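Asker: Sending over data.txt (compact mmCIF, C-alpha atoms).
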# COMPACT_ATOMS: atom_id res chain seq x y z
CA MET A 602 0.00 0.00 0.00
CA LYS A 603 1.33 3.44 -0.88
CA PRO A 604 1.97 6.00 1.89
CA VAL A 605 -0.52 8.80 2.55
CA GLU A 606 0.65 12.42 2.69
CA VAL A 607 -1.52 15.50 3.21
CA VAL A 608 -0.19 19.05 3.00
CA ARG A 609 -1.87 22.44 3.01
CA SER A 610 -3.53 23.57 -0.17
CA ALA A 611 -1.26 25.60 -2.48
CA VAL A 612 -4.05 28.19 -2.89
CA ARG A 613 -3.60 29.30 0.72
CA ALA A 614 0.13 29.75 0.23
CA TRP A 615 -0.41 31.81 -2.94
CA LEU A 616 -2.97 34.03 -1.21
CA LEU A 617 -0.64 34.50 1.76
CA SER A 618 2.17 35.58 -0.57
CA LEU A 619 -0.10 37.94 -2.50
CA ALA A 620 -1.30 39.57 0.72
CA GLY A 621 2.32 39.97 1.78
CA ILE A 622 3.20 41.64 -1.52
CA ALA A 623 0.30 44.08 -1.08
CA PHE A 624 1.40 44.96 2.48
CA ALA A 625 5.02 45.44 1.43
CA LEU A 626 4.14 47.61 -1.59
CA LEU A 627 1.78 49.78 0.43
CA GLY A 628 4.40 50.30 3.13
CA LEU A 629 7.12 51.07 0.59
CA ASP A 630 4.83 53.55 -1.15
CA VAL A 631 4.18 55.42 2.11
CA LEU A 632 7.91 55.44 2.89
CA SER A 633 8.87 56.70 -0.56
CA SER A 634 6.85 58.82 -3.00
CA GLY A 635 3.32 58.08 -1.76
CA ARG A 636 1.94 58.05 -5.31
CA PHE A 637 -0.54 55.18 -4.81
CA VAL A 638 -1.70 56.43 -1.44
CA GLU A 639 -2.25 59.95 -2.82
CA ALA A 640 -4.17 58.57 -5.82
CA PHE A 641 -6.38 56.54 -3.50
CA GLY A 642 -6.84 59.58 -1.23
CA SER A 643 -7.91 61.76 -4.15
CA LEU A 644 -10.58 59.17 -5.01
CA ILE A 645 -11.96 59.37 -1.48
CA TYR A 646 -11.57 63.09 -0.77
CA LYS A 647 -12.30 64.26 -4.35
CA THR A 648 -11.15 67.89 -4.67
CA GLU A 649 -10.31 68.42 -1.02
CA GLN A 650 -6.70 68.35 0.03
CA VAL A 651 -5.49 64.92 1.11
CA PRO A 652 -4.43 64.89 4.79
CA THR A 653 -0.66 64.85 5.15
CA PHE A 654 1.20 61.98 6.76
CA GLU A 655 2.27 62.20 10.35
CA PRO A 656 5.58 60.84 11.66
CA ARG A 657 3.83 57.83 13.21
CA ASP A 658 2.60 56.84 9.74
CA ARG A 659 6.20 55.98 8.86
CA ILE A 660 6.24 53.55 11.78
CA PHE A 661 3.09 51.86 10.46
CA ALA A 662 4.64 51.77 6.99
CA ILE A 663 7.76 50.05 8.34
CA LEU A 664 5.53 47.53 10.15
CA ALA A 665 3.55 46.94 6.94
CA VAL A 666 6.77 46.24 5.02
CA ALA A 667 8.00 43.86 7.75
CA VAL A 668 4.67 42.01 7.90
CA GLY A 669 4.57 41.85 4.11
CA VAL A 670 8.05 40.35 3.89
CA VAL A 671 7.22 37.77 6.58
CA LEU A 672 3.98 36.79 4.76
CA VAL A 673 5.78 36.45 1.42
CA VAL A 674 8.56 34.31 2.92
CA TRP A 675 6.04 32.16 4.83
CA GLY A 676 3.86 31.67 1.75
CA LEU A 677 6.81 30.81 -0.49
CA ARG A 678 8.13 28.38 2.12
CA ASP A 679 4.74 26.64 2.12
CA LEU A 680 4.87 26.43 -1.67
CA VAL A 681 8.44 25.16 -1.94
CA VAL A 682 8.60 22.92 1.15
CA PRO A 683 5.04 22.24 2.34
CA LYS A 684 4.61 20.87 5.86
CA LYS A 685 3.05 17.42 6.03
CA LEU A 686 -0.07 17.74 8.17
CA VAL A 687 -0.94 14.04 8.02
CA SER A 688 1.31 11.27 6.77
CA ALA A 689 1.19 7.54 7.17
CA GLY A 690 3.26 4.54 6.25
CA GLU A 691 3.92 1.04 7.46
CA GLU A 692 5.26 2.29 10.81
CA GLY A 693 2.14 4.27 11.73
CA LEU A 694 0.29 7.56 11.54
CA ARG A 695 2.08 10.92 11.78
CA LEU A 696 0.00 13.95 12.78
CA ALA A 697 1.19 17.56 12.98
CA LEU A 698 -0.11 18.19 16.49
CA GLY A 699 2.61 20.58 17.67
CA GLY A 700 3.26 24.15 16.65
CA PRO A 701 4.45 25.29 13.23
CA LEU A 702 8.08 24.42 13.94
CA SER A 703 7.64 21.08 15.71
CA LYS A 704 7.98 17.63 14.18
CA PRO A 705 4.89 15.47 13.57
CA THR A 706 3.87 12.99 16.26
CA LEU A 707 4.22 9.32 15.28
CA ILE A 708 1.43 7.04 16.50
CA PRO A 709 1.92 3.31 15.81
CA TRP A 710 -0.95 1.57 14.00
CA ALA A 711 -1.49 -0.67 17.02
CA ASN A 712 -2.49 2.45 18.97
CA VAL A 713 -4.99 3.71 16.34
CA ASP A 714 -8.44 2.24 16.98
CA ASP A 715 -10.56 4.03 14.37
CA ILE A 716 -10.36 6.78 11.73
CA GLN A 717 -13.31 8.53 10.14
CA ALA A 718 -14.22 11.77 8.36
CA ASP A 719 -16.98 14.09 9.51
CA THR A 720 -17.96 17.75 9.76
CA VAL A 721 -18.51 19.82 12.88
CA ASP A 722 -20.38 23.06 13.46
CA ASP A 723 -17.99 25.58 15.00
CA ASP A 724 -20.05 28.67 15.86
CA GLY A 725 -22.04 28.45 12.63
CA GLN A 726 -19.10 27.49 10.42
CA ILE A 727 -19.07 23.91 9.09
CA ILE A 728 -15.53 22.51 9.37
CA PRO A 729 -14.36 19.18 7.92
CA VAL A 730 -12.54 17.07 10.49
CA LEU A 731 -10.65 13.82 10.70
CA ILE A 732 -11.71 11.86 13.78
CA VAL A 733 -9.05 9.55 15.21
CA ARG A 734 -9.66 7.25 18.18
CA PHE A 735 -6.63 6.01 20.08
CA GLY A 736 -6.02 3.19 22.51
CA ASP A 737 -3.27 4.89 24.51
CA VAL A 738 -2.94 8.69 24.56
CA THR A 739 0.10 9.10 26.82
CA ALA A 740 2.45 9.96 23.92
CA LEU A 741 0.09 12.58 22.49
CA PRO A 742 -0.02 16.27 23.48
CA SER A 743 -2.77 17.33 25.89
CA ASP A 744 -3.31 20.61 23.99
CA PRO A 745 -2.77 19.80 20.28
CA TRP A 746 -2.30 22.38 17.54
CA THR A 747 -5.16 22.48 14.92
CA ALA A 748 -6.94 19.66 16.73
CA ARG A 749 -8.98 19.17 19.87
CA TRP A 750 -9.84 16.35 22.22
CA VAL A 751 -13.55 15.50 22.36
CA GLY A 752 -13.19 12.59 24.72
CA SER A 753 -10.46 10.87 26.62
CA HIS A 754 -9.30 8.95 23.52
CA THR A 755 -10.90 10.80 20.57
CA LEU A 756 -9.15 13.57 18.65
CA LEU A 757 -10.73 15.89 16.05
CA VAL A 758 -8.14 17.11 13.55
CA GLU A 759 -9.29 20.14 11.56
CA ALA A 760 -9.07 19.47 7.82
CA ILE A 761 -9.28 23.07 6.59
CA ASN A 762 -7.28 23.79 3.40
CA TRP A 763 -5.99 20.24 3.00
CA SER A 764 -4.61 19.11 -0.36
CA MET A 765 -6.97 16.09 -0.34
CA PRO A 766 -10.60 15.75 0.72
CA VAL A 767 -10.87 14.49 4.30
CA GLU A 768 -13.08 11.57 3.22
CA ALA A 769 -10.34 10.29 0.88
CA VAL A 770 -7.74 10.73 3.61
CA ALA A 771 -9.80 8.72 6.11
CA ARG A 772 -10.44 5.96 3.56
CA ASP A 773 -6.76 5.74 2.58
CA LEU A 774 -5.59 5.78 6.21
CA LEU A 775 -7.98 2.96 7.14
CA ALA A 776 -6.85 0.91 4.16
CA LEU A 777 -3.21 1.48 5.08
CA ARG A 778 -3.82 0.59 8.73
CA ASP A 779 -5.66 -2.60 7.77
CA SER A 780 -2.94 -3.63 5.29
CA SER A 781 -0.04 -2.96 7.63
CA SER A 782 1.22 -5.66 9.88
CA THR A 783 0.14 -5.18 13.48
CA GLU A 784 2.06 -8.21 14.69
CA ASP A 785 5.13 -7.67 16.83
CA GLU A 786 8.45 -8.51 15.25
CA PRO A 787 9.80 -11.85 16.37
CA LEU A 788 12.64 -11.72 18.80
CA PRO A 789 16.05 -12.78 17.44
CA TRP A 790 16.07 -16.05 19.40
CA GLU A 791 12.62 -17.12 18.18
Could the structure of this file be written out as structure tokens, please?

Answerer:
Amino acid sequence: MKPVEVVRSAVRAWLLSLAGIAFALLGLDVLSSGRFVEAFGSLIYKTEQVPTFEPRDRIFAILAVAVGVVLVVWGLRDLVVPKKLVSAGEEGLRLALGGPLSKPTLIPWANVDDIQADTVDDDGQIIPVLIVRFGDVTALPSDPWTARWVGSHTLLVEAINWSMPVEAVARDLLALRDSSSTEDEPLPWE
């Protein structure tokens, strides 16, 4: 059975980079000539004189450039080297349950009881989720990132902006779990 890998959708990374470019250009325009900001101001104020910039506006412009650069770098990093949110192989299931810089948590197949796809209503917003039930939760974080515990052994993993539909992920993970060997390796003297 082939391994399963799920990353964030590339659309999100492109949008993040585009927003970063807009922030950076706006900040650079305020710091330099101010042509775009003046043109936009003349649309709003018509024939009135556009209010002049105050010294604190330069601080906001510098912050906009910094935020823009960070968004562009983050978005391009997600495009070039996407983080695996869910991956699975013969050894078990790997879930990105830590922060953005932490490694995925490996859960052996023997510890995974059930996997299914569903949707939840989160304050009026319908969110696709991957529901994973575990036998032993001692190796898992008590406060996971992009997931939440709904029982002592049941974890809801948010499937927003995944590269694959959550139903296909659940189906492939179950097939991989069922095809993998859950038997212990024989000891060398056996």

Asker: Check the smallest atom-to-atom distance from each of A:Val758, A:Trp746, A:Arg659, A:Val670 to Lys704 (chain A) using only C-alpha atoms, then report the winner.

Answerer: A:Trp746

Asker: Which protein, DNA or RNA residues are at most 12 Å from (6.0, 27.0, 2.2) in the file's coordinates when you count only C-alpha atoms, listed as an MDAnalysis selection string?

Answerer: chainID A and resid 608:618 671:685 701

Asker: How about saving the chosen residues, C-alpha atoms kept, as a PDB file, in the frame of the given file?

Answerer:
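Written output follows (out.pdb):
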ATOM      1  CA  VAL A 608      -0.190  19.050   3.000  1.00  0.00           C
ATOM      2  CA  ARG A 609      -1.870  22.440   3.010  1.00  0.00           C
ATOM      3  CA  SER A 610      -3.530  23.570  -0.170  1.00  0.00           C
ATOM      4  CA  ALA A 611      -1.260  25.600  -2.480  1.00  0.00           C
ATOM      5  CA  VAL A 612      -4.050  28.190  -2.890  1.00  0.00           C
ATOM      6  CA  ARG A 613      -3.600  29.300   0.720  1.00  0.00           C
ATOM      7  CA  ALA A 614       0.130  29.750   0.230  1.00  0.00           C
ATOM      8  CA  TRP A 615      -0.410  31.810  -2.940  1.00  0.00           C
ATOM      9  CA  LEU A 616      -2.970  34.030  -1.210  1.00  0.00           C
ATOM     10  CA  LEU A 617      -0.640  34.500   1.760  1.00  0.00           C
ATOM     11  CA  SER A 618       2.170  35.580  -0.570  1.00  0.00           C
ATOM     12  CA  VAL A 671       7.220  37.770   6.580  1.00  0.00           C
ATOM     13  CA  LEU A 672       3.980  36.790   4.760  1.00  0.00           C
ATOM     14  CA  VAL A 673       5.780  36.450   1.420  1.00  0.00           C
ATOM     15  CA  VAL A 674       8.560  34.310   2.920  1.00  0.00           C
ATOM     16  CA  TRP A 675       6.040  32.160   4.830  1.00  0.00           C
ATOM     17  CA  GLY A 676       3.860  31.670   1.750  1.00  0.00           C
ATOM     18  CA  LEU A 677       6.810  30.810  -0.490  1.00  0.00           C
ATOM     19  CA  ARG A 678       8.130  28.380   2.120  1.00  0.00           C
ATOM     20  CA  ASP A 679       4.740  26.640   2.120  1.00  0.00           C
ATOM     21  CA  LEU A 680       4.870  26.430  -1.670  1.00  0.00           C
ATOM     22  CA  VAL A 681       8.440  25.160  -1.940  1.00  0.00           C
ATOM     23  CA  VAL A 682       8.600  22.920   1.150  1.00  0.00           C
ATOM     24  CA  PRO A 683       5.040  22.240   2.340  1.00  0.00           C
ATOM     25  CA  LYS A 684       4.610  20.870   5.860  1.00  0.00           C
ATOM     26  CA  LYS A 685       3.050  17.420   6.030  1.00  0.00           C
ATOM     27  CA  PRO A 701       4.450  25.290  13.230  1.00  0.00           C
TER      28      PRO A 701
END

Asker: Of the candidates A:Ile732, A:Val770, A:Ala623, A:Ile708, which one gets nearest to Val607 (chain A) if we count all atoms listed in the file?

Answerer: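 Of the candidates, the smallest distance to Val607 (chain A) is held by A:Val770.
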
Asker: Just to confirm, what's the straight-line distance from CA of Asn712 (chain A) to CA of Asn762 (chain A) in Å (one decimal)?

Answerer: 26.8 Å

Asker: Suppose you want the space between CA of Ala697 (chain A) and CA of His754 (chain A); what is it in Å?

Answerer: 17.2 Å

Asker: Edge lengths and centre in Å to one decimal, as JSON, of the axis-aligned box that encloses all listed atoms of region 697-715 of chain A with 5 Å added on every side?

Answerer:
{"center_x": -1.2, "center_y": 12.3, "center_z": 16.0, "size_x": 28.6, "size_y": 36.0, "size_z": 16.0}

Asker: Have a look at CA of Ser643 (chain A) and CA of Gly628 (chain A) and let me know their distance in Å, one decimal.

Answerer: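 CA of Gly628 (chain A) lies 18.3 Å from CA of Ser643 (chain A).
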
Asker: Which one of A:Leu698, A:Leu619, A:Leu774, A:Ala640 sits closest to Pro742 (chain A) if you count all atoms listed in the file?

Answerer: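 So, comparing all the options, the nearest one is A:Leu698.
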
Asker: At most 8 Å from (3.1, 56.2, 4.1), file frame, only C-alpha atoms: which residues, as a list in words?

Answerer: Leu627, Gly628, Leu629, Asp630, Val631, Leu632, Ser633, Gly635, Val638, Phe654, Asp658, Arg659, Phe661 and Ala662 of chain A

Asker: Closest to Ser688 (chain A) among A:Asp773, A:Glu768, A:Asp737, A:Glu759, using only C-alpha atoms?

Answerer: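 Answer, going by the shortest atom-to-atom distance: A:Asp773.
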
Asker: Can you work out which one of A:Ala748, A:Ile761, A:Gly669, A:Val738 has the shortest atom-to-atom distance to Gln726 (chain A), counting all atoms listed in the file?

Answerer: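 Under the stated criterion, the closest residue is A:Ile761.
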
Asker: Taking only C-alpha atoms into account, name the residue in A:Arg636, A:Arg695, A:Arg657, A:Arg749 that is nearest to Pro604 (chain A).

Answerer: A:Arg695

Asker: Could you give me, as a PyMOL selection string, the residues within 9 Å of Val713 (chain A), counting all atoms listed in the file and dropping anything in the same chain fewer than 6 positions from it?

Answerer: chain A and resi 693-694+733-737+778

Asker: What would region 624-635 of chain A look like with all heavy atoms restored, written as an mmCIF file, in the coordinates of the input?

Answerer:
data_model
loop_
_atom_site.group_PDB
_atom_site.id
_atom_site.type_symbol
_atom_site.label_atom_id
_atom_site.label_comp_id
_atom_site.auth_asym_id
_atom_site.auth_seq_id
_atom_site.Cartn_x
_atom_site.Cartn_y
_atom_site.Cartn_z
ATOM 1 N N PHE A 624 0.951 44.245 1.270
ATOM 2 C CA PHE A 624 1.400 44.960 2.480
ATOM 3 C C PHE A 624 2.751 45.639 2.228
ATOM 4 O O PHE A 624 2.951 46.807 2.583
ATOM 5 C CB PHE A 624 1.544 43.993 3.661
ATOM 6 C CG PHE A 624 0.310 43.858 4.484
ATOM 7 C CD1 PHE A 624 -0.457 42.709 4.412
ATOM 8 C CD2 PHE A 624 -0.087 44.856 5.354
ATOM 9 C CE1 PHE A 624 -1.591 42.568 5.175
ATOM 10 C CE2 PHE A 624 -1.217 44.733 6.131
ATOM 11 C CZ PHE A 624 -1.981 43.578 6.037
ATOM 12 N N ALA A 625 3.675 44.900 1.650
ATOM 13 C CA ALA A 625 5.020 45.440 1.430
ATOM 14 C C ALA A 625 4.981 46.630 0.459
ATOM 15 O O ALA A 625 5.633 47.659 0.696
ATOM 16 C CB ALA A 625 5.941 44.344 0.912
ATOM 17 N N LEU A 626 4.218 46.511 -0.629
ATOM 18 C CA LEU A 626 4.140 47.610 -1.590
ATOM 19 C C LEU A 626 3.486 48.844 -0.993
ATOM 20 O O LEU A 626 3.934 49.976 -1.235
ATOM 21 C CB LEU A 626 3.394 47.159 -2.847
ATOM 22 C CG LEU A 626 4.133 46.198 -3.767
ATOM 23 C CD1 LEU A 626 3.250 45.782 -4.936
ATOM 24 C CD2 LEU A 626 5.427 46.811 -4.250
ATOM 25 N N LEU A 627 2.443 48.643 -0.212
ATOM 26 C CA LEU A 627 1.780 49.780 0.430
ATOM 27 C C LEU A 627 2.730 50.480 1.399
ATOM 28 O O LEU A 627 2.838 51.713 1.405
ATOM 29 C CB LEU A 627 0.524 49.313 1.162
ATOM 30 C CG LEU A 627 -0.269 50.401 1.876
ATOM 31 C CD1 LEU A 627 -0.867 51.366 0.863
ATOM 32 C CD2 LEU A 627 -1.352 49.784 2.723
ATOM 33 N N GLY A 628 3.442 49.707 2.196
ATOM 34 C CA GLY A 628 4.400 50.300 3.130
ATOM 35 C C GLY A 628 5.529 51.018 2.419
ATOM 36 O O GLY A 628 5.920 52.124 2.817
ATOM 37 N N LEU A 629 6.054 50.419 1.349
ATOM 38 C CA LEU A 629 7.120 51.070 0.590
ATOM 39 C C LEU A 629 6.636 52.352 -0.080
ATOM 40 O O LEU A 629 7.376 53.338 -0.176
ATOM 41 C CB LEU A 629 7.697 50.106 -0.446
ATOM 42 C CG LEU A 629 8.541 48.962 0.114
ATOM 43 C CD1 LEU A 629 8.921 47.990 -0.997
ATOM 44 C CD2 LEU A 629 9.783 49.502 0.811
ATOM 45 N N ASP A 630 5.389 52.360 -0.537
ATOM 46 C CA ASP A 630 4.830 53.550 -1.150
ATOM 47 C C ASP A 630 4.721 54.690 -0.139
ATOM 48 O O ASP A 630 5.048 55.836 -0.446
ATOM 49 C CB ASP A 630 3.456 53.244 -1.754
ATOM 50 C CG ASP A 630 2.892 54.442 -2.488
ATOM 51 O OD1 ASP A 630 3.565 54.935 -3.421
ATOM 52 O OD2 ASP A 630 1.788 54.889 -2.121
ATOM 53 N N VAL A 631 4.279 54.387 1.066
ATOM 54 C CA VAL A 631 4.180 55.420 2.110
ATOM 55 C C VAL A 631 5.573 55.923 2.472
ATOM 56 O O VAL A 631 5.777 57.124 2.693
ATOM 57 C CB VAL A 631 3.432 54.880 3.346
ATOM 58 C CG1 VAL A 631 3.541 55.842 4.511
ATOM 59 C CG2 VAL A 631 1.974 54.624 3.007
ATOM 60 N N LEU A 632 6.553 55.024 2.526
ATOM 61 C CA LEU A 632 7.910 55.440 2.890
ATOM 62 C C LEU A 632 8.597 56.234 1.783
ATOM 63 O O LEU A 632 9.477 57.041 2.051
ATOM 64 C CB LEU A 632 8.763 54.216 3.228
ATOM 65 C CG LEU A 632 8.422 53.506 4.532
ATOM 66 C CD1 LEU A 632 9.229 52.220 4.658
ATOM 67 C CD2 LEU A 632 8.658 54.414 5.722
ATOM 68 N N SER A 633 8.201 56.011 0.540
ATOM 69 C CA SER A 633 8.870 56.700 -0.560
ATOM 70 C C SER A 633 7.996 57.833 -1.103
ATOM 71 O O SER A 633 7.687 58.772 -0.396
ATOM 72 C CB SER A 633 9.259 55.706 -1.653
ATOM 73 O OG SER A 633 8.102 55.101 -2.191
ATOM 74 N N SER A 634 7.546 57.719 -2.330
ATOM 75 C CA SER A 634 6.850 58.820 -3.000
ATOM 76 C C SER A 634 5.406 59.013 -2.539
ATOM 77 O O SER A 634 4.897 60.117 -2.553
ATOM 78 C CB SER A 634 6.866 58.580 -4.510
ATOM 79 O OG SER A 634 6.112 57.413 -4.807
ATOM 80 N N GLY A 635 4.722 57.968 -2.186
ATOM 81 C CA GLY A 635 3.320 58.080 -1.760
ATOM 82 C C GLY A 635 2.366 58.267 -2.922
ATOM 83 O O GLY A 635 1.247 58.735 -2.745
#
